[in-house]
There are 2 protein chains.
Amino acid sequence: MLTDQYELTMLQAALAGGTAHRRAVFEVFARHLPGGRRYGVVAGTGRFLDALAEFRFGDAELSFLRDRGVVDEPTLDFLAGYRFTGDVHGYAEGECYFPGSPIMVVDGTFAEAVLLETLVLSILNHDSAVAAAASRMTHAAGGRPIIEMGSRRTHEMAAVAAARAAHLAGFATTSNLMAGRAYGVPTAGTSAHAFTLLHDSEHDAFQAQLDSCGPGTTLLVDTYDVAKAVRTAVELAGPELGAVRIDSGDLAVAAHDVRELLDGLGASGTRIVVTGDLDEYSIAALATAPVDGYGVGTSVVTGSGVPTAAMVYKLVAREDAAGELRPVAKKSVGKPSRGGRKVAFRALADGTAVAELVTTATLAATPENARPMLRPLVRAGEIIGREPLAAARERHRAALAELPAAARQLSHGDAVIPTVFS
Amino acid sequence: MLTDQYELTMLQAALAGGTAHRRAVFEVFARHLPGGRRYGVVAGTGRFLDALAEFRFGDAELSFLRDRGVVDEPTLDFLAGYRFTGDVHGYAEGECYFPGSPIMVVDGTFAEAVLLETLVLSILNHDSAVAAAASRMTHAAGGRPIIEMGSRRTHEMAAVAAARAAHLAGFATTSNLMAGRAYGVPTAGTSAHAFTLLHDSEHDAFQAQLDSCGPGTTLLVDTYDVAKAVRTAVELAGPELGAVRIDSGDLAVAAHDVRELLDGLGASGTRIVVTGDLDEYSIAALATAPVDGYGVGTSVVTGSGVPTAAMVYKLVAREDAAGELRPVAKKSVGKPSRGGRKVAFRALADGTAVAELVTTATLAATPENARPMLRPLVRAGEIIGREPLAAARERHRAALAELPAAARQLSHGDAVIPTVFS
């Protein structure tokens, strides 16, 4: 039922008109990279495959559609037996993509494939937007770990997917426990200001946390006075104190002051974690500050200004009355599409990406100095593309390393490599 | 499990330290209205109450927490028996709010209330951001209906909540079928470009849709040539054609051209629906165009530039060692909080709002010319604040009508009424 109504009304009309079972090829692509991004990051593929396996219309859903008069009985019959039996190819999760990259290719009957539009796009648009932001932040952080802590700034289930996408793109950990359980993302978190305020003094609060969590914990030091809190923390925990967290003020200045103070107190091994409305730009600005880790919330779960990835799902080929597969394309002003089923390759020179090659031609072999981008995800309805999240995380690291250095500039600009259509 | 890890580590430390069962009051509020908005819209209250009723830690969750070593056994025991037994008051859903408004007040033990932070904020921040955008768009559209069709641009479950929030704030319908089933939001939708492209001609596609859906349907006319499509549509459907949809090009120019064409063909009753990256500004710009309805996607589900509402959940009072409830507040630079449990009133002059009064005082009665904003939602753990979505929709209409006219300006600015603390 994670479906737009028009998918069902189109299905009804196509069933009645005899065109519903024509073979149809839909492609997912982005016309542009919003927000002046240099590259996109494919994320959500694994979640889509999980959702596809569960994509059914049960009795409760069918009753709703019948009672509301959304579609007629033949359409309800079709939906009751719905299974996707076609093929899906796609860019592997973690790959980078560019304008026009055929990120996913769904090949089935019109009836089977049209119903997947909303599901495919919801998942890929959300997860890829988060991953693109997280990838930039990870690079900005250098080797310093980032914890994702934005659950409270986005829809409660989007938060779980966002934690997954951020980890895929390089974040170390998440605060979201459900993401830990559902996807194995490492989780982290110690305390908030409320914990300090609960106690009759900051001293009591730190003591309670140290008693419970041990000296390796992270103490939050900006509830009242930072310097006083740091002194109390080291007095209670000793030099084994794991870390302190600063959540307000000028973080660069505060980090320098706290580092000096910690070192002076003999706690040179105690780390400094900073949080508080960080994004890729403010992380980059803290590169020379003595910071050991970042916590990022709002900006990563909302895609740092680009909350959705602008991917669309378009019919590019379908069978005609004679049973032949024909390319199709709309001609809408400003939003034309390119007809024909596509394949894609990343052209490389000395191991560095130089172009995205997208072609409707049937090639006998992979072009020289290029690697194929599409891999099978679903074959005749059977899901064959599942993989551990760690594989996607490692793939993203490699895919990003393969791009020209300009990809890692944070300023707005064009895609870092051109897409060449043929 | 829609919880941040630090809520559980704080719980563990407080249980061990003997402070977990102190009475604690947390408040949800927004320090500012992001994006230069003149007012905020409370949305998600009903979803929060539903989620609260289901907020439990089951065996699978407890096993995960145990296996990962997130918390100790006494904490797991507490979680196994977790029920919220406190009180919640809040602004009713659909109300407008302002910086510092105590949108929700959660009164329980620290242990019971701290666990709700992520859940409360995820729901209210997401839904209120969407509702604020939808409210502005609804006003910009005048009396013309708007269909929400952004499901594909946001997380698949966020889409359902977004459709609910948009309807609450004035949208007529949604494309999202799950929102129809779960919340009774009216659903709508007819066809996409893919349906036209599926057929051997636009003529065949329109005929199939008309055969299946009747002449009252909406035909999409911009797949190839708009004027040709409109002629074909009226030729096939006659003047009873319900509507045509234009999804590309200069929508104002196209609407004028299509209106003239329809009228010339005798289809003066056929409506014109426009879609395609609309937001409140482009809707306002179409006010004088002959448009009968709008479809809005990306911009409403992403809060039109403000994807999250910046609400926070802060401890404002808690019992001390002597059992007395004391106000507490952090002093973090730039993010101080105001201690003490608050009540709020909307001050009115001749029926128009003039100020938001927020006080920590215990008042004997509602101040003159003011209405109380907090109402009971949960009493001793029992959920008593549920209401039909239609009630929240009607309340928002009334709450917005009560604000000064400047509230309806689309330009960036300050909150339309001041918040007066005492």
# chains A, B, ... in the order shown; residues from 1 in each chain; ligands from 1
$ closest_atom_pairs --of "chain B" --to "chain A" --cutoff "6 Å" --atoms "only C-alpha atoms" --output "tab-separated table"
residue	atom	partner	partner_atom	distance
B:Met1	CA	A:Met178	CA	5.4
B:Leu2	CA	A:Met178	CA	6.0
B:Asp4	CA	A:Asn176	CA	4.8
B:Gln5	CA	A:Gly189	CA	5.1
B:Tyr6	CA	A:Gly189	CA	4.3
B:Thr9	CA	A:Thr190	CA	5.6
B:Met10	CA	A:Ser191	CA	5.5
B:Ala13	CA	A:Ser212	CA	5.0
B:Gly17	CA	A:Ala208	CA	5.4
B:Thr118	CA	A:Arg152	CA	4.9
B:Leu121	CA	A:Arg152	CA	5.0
B:Ser122	CA	A:Arg152	CA	4.2
B:Ile123	CA	A:His155	CA	5.8
B:Asn125	CA	A:Arg153	CA	6.0
B:His126	CA	A:His155	CA	5.3
B:Arg152	CA	A:Ser122	CA	4.2
B:Arg153	CA	A:Ser122	CA	5.5
B:Thr154	CA	A:Ser122	CA	5.2
B:His155	CA	A:Ser122	CA	5.1
B:Glu156	CA	A:Ser122	CA	5.1
B:Ala158	CA	A:His155	CA	5.6
B:Ser175	CA	A:Asp4	CA	4.9
B:Asn176	CA	A:Asp4	CA	4.9
B:Leu177	CA	A:Gln5	CA	5.9
B:Met178	CA	A:Met1	CA	5.4
B:Gly189	CA	A:Tyr6	CA	4.3
B:Thr190	CA	A:Tyr6	CA	4.4
B:Ser191	CA	A:Tyr6	CA	5.1
B:Ala194	CA	A:Leu315	CA	5.4
B:Ala208	CA	A:Gly17	CA	5.4
B:Gln209	CA	A:Ala13	CA	5.2
B:Ser212	CA	A:Ala13	CA	5.0
B:Asp222	CA	A:Ser332	CA	5.6
B:Thr223	CA	A:Lys330	CA	5.0
B:Tyr224	CA	A:Lys331	CA	5.0
B:Ser248	CA	A:Val333	CA	5.7
B:Gly249	CA	A:Val333	CA	5.0
B:Thr308	CA	A:Arg153	CA	5.8
B:Leu315	CA	A:Ala194	CA	5.4
B:Lys330	CA	A:Thr223	CA	5.0
B:Lys331	CA	A:Tyr224	CA	5.0
B:Ser332	CA	A:Thr223	CA	5.4
B:Val333	CA	A:Gly249	CA	5.0
$ select_by_dssp --residues "stretch 158-231 of chain A" --states "helix (DSSP H, G or I)" --output "VMD selection string"
chain A and resid 158 to 168 177 to 183 193 to 198 202 to 213 226 to 231
$ atom_distance --atom1 "atom CA of A:Arg393" --atom2 "atom CA of A:Arg408"
17.3 Å
$ residues_around --residues "A:His256" --least-positions-apart "6" --cutoff "9 Å" --atoms "only C-alpha atoms" --output "ChimeraX atom specification"
/A:289-291
$ closest_residue --among "A:Gly238, A:Gly46, A:Gly381, A:Gly351" --to "A:Leu265" --atoms "only C-alpha atoms"
A:Gly238
$ atom_distance --atom1 "atom CA of B:Gly216" --atom2 "atom CA of B:Gly184"
22.8 Å
$ residues_around --residues "A:Arg38" --least-positions-apart "3" --cutoff "10 Å" --atoms "only C-alpha atoms" --output "ChimeraX atom specification"
/A:33-35,96-98,132,136,403,406-417
$ atom_distance --atom1 "atom CA of B:Ala287" --atom2 "atom CA of B:His139"
10.9 Å
$ residues_around --residues "B:Met137" --least-positions-apart "4" --cutoff "7 Å" --atoms "only C-alpha atoms" --output "ChimeraX atom specification"
/B:133,141,279-280
$ select_by_dssp --residues "stretch 160-304 of chain B" --states "strand (DSSP E)" --output "short mmCIF file (atom, residue, chain, number, x, y, z; two decimals) with N, CA, C and O atoms, in the first residue's frame"
data_model
loop_
_atom_site.label_atom_id
_atom_site.label_comp_id
_atom_site.auth_asym_id
_atom_site.auth_seq_id
_atom_site.Cartn_x
_atom_site.Cartn_y
_atom_site.Cartn_z
N THR B 173 -6.53 16.45 -0.66
CA THR B 173 -6.40 15.01 -0.91
C THR B 173 -4.93 14.63 -0.92
O THR B 173 -4.05 15.48 -0.90
N THR B 174 -4.69 13.31 -1.02
CA THR B 174 -3.32 12.81 -1.16
C THR B 174 -3.31 11.70 -2.19
O THR B 174 -4.32 11.03 -2.41
N THR B 218 -9.21 12.70 -15.01
CA THR B 218 -8.23 13.75 -15.35
C THR B 218 -7.22 13.17 -16.33
O THR B 218 -6.53 12.20 -16.02
N LEU B 219 -7.13 13.77 -17.52
CA LEU B 219 -6.17 13.30 -18.52
C LEU B 219 -4.91 14.16 -18.49
O LEU B 219 -4.98 15.39 -18.41
N LEU B 220 -3.77 13.48 -18.58
CA LEU B 220 -2.47 14.16 -18.54
C LEU B 220 -2.11 14.56 -19.97
O LEU B 220 -2.01 13.71 -20.85
N ALA B 243 -11.13 16.83 -16.08
CA ALA B 243 -10.01 17.75 -15.93
C ALA B 243 -8.86 17.31 -16.83
O ALA B 243 -8.80 16.17 -17.29
N VAL B 244 -7.98 18.27 -17.08
CA VAL B 244 -6.71 17.96 -17.72
C VAL B 244 -5.60 18.37 -16.76
O VAL B 244 -5.76 19.30 -15.96
N ARG B 245 -4.48 17.65 -16.84
CA ARG B 245 -3.34 17.98 -15.97
C ARG B 245 -2.14 18.38 -16.82
O ARG B 245 -1.83 17.72 -17.81
N ILE B 246 -1.51 19.48 -16.42
CA ILE B 246 -0.30 19.97 -17.09
C ILE B 246 0.84 19.87 -16.08
O ILE B 246 0.73 20.39 -14.96
N ARG B 271 -11.89 21.13 -15.82
CA ARG B 271 -10.97 21.82 -14.93
C ARG B 271 -9.51 21.64 -15.38
O ARG B 271 -9.18 20.71 -16.12
N ILE B 272 -8.66 22.53 -14.92
CA ILE B 272 -7.23 22.47 -15.22
C ILE B 272 -6.47 22.28 -13.91
O ILE B 272 -6.60 23.08 -12.99
N VAL B 273 -5.70 21.20 -13.86
CA VAL B 273 -4.87 20.91 -12.69
C VAL B 273 -3.41 21.05 -13.12
O VAL B 273 -3.02 20.53 -14.16
N VAL B 274 -2.62 21.78 -12.32
CA VAL B 274 -1.20 21.92 -12.65
C VAL B 274 -0.34 21.28 -11.57
O VAL B 274 -0.67 21.32 -10.38
N THR B 275 0.77 20.71 -12.01
CA THR B 275 1.72 20.05 -11.12
C THR B 275 3.13 20.32 -11.64
O THR B 275 3.29 20.81 -12.75
N GLY B 293 -6.85 23.61 -9.68
CA GLY B 293 -6.30 22.80 -8.60
C GLY B 293 -4.82 22.60 -8.81
O GLY B 293 -4.31 22.76 -9.93
N TYR B 294 -4.12 22.29 -7.72
CA TYR B 294 -2.68 22.12 -7.75
C TYR B 294 -2.32 20.73 -7.23
O TYR B 294 -2.98 20.20 -6.33
N GLY B 295 -1.25 20.19 -7.76
CA GLY B 295 -0.64 19.01 -7.16
C GLY B 295 0.74 19.40 -6.66
O GLY B 295 1.52 20.01 -7.40
N VAL B 296 1.02 19.10 -5.40
CA VAL B 296 2.30 19.50 -4.80
C VAL B 296 3.00 18.26 -4.25
O VAL B 296 2.38 17.45 -3.53
#
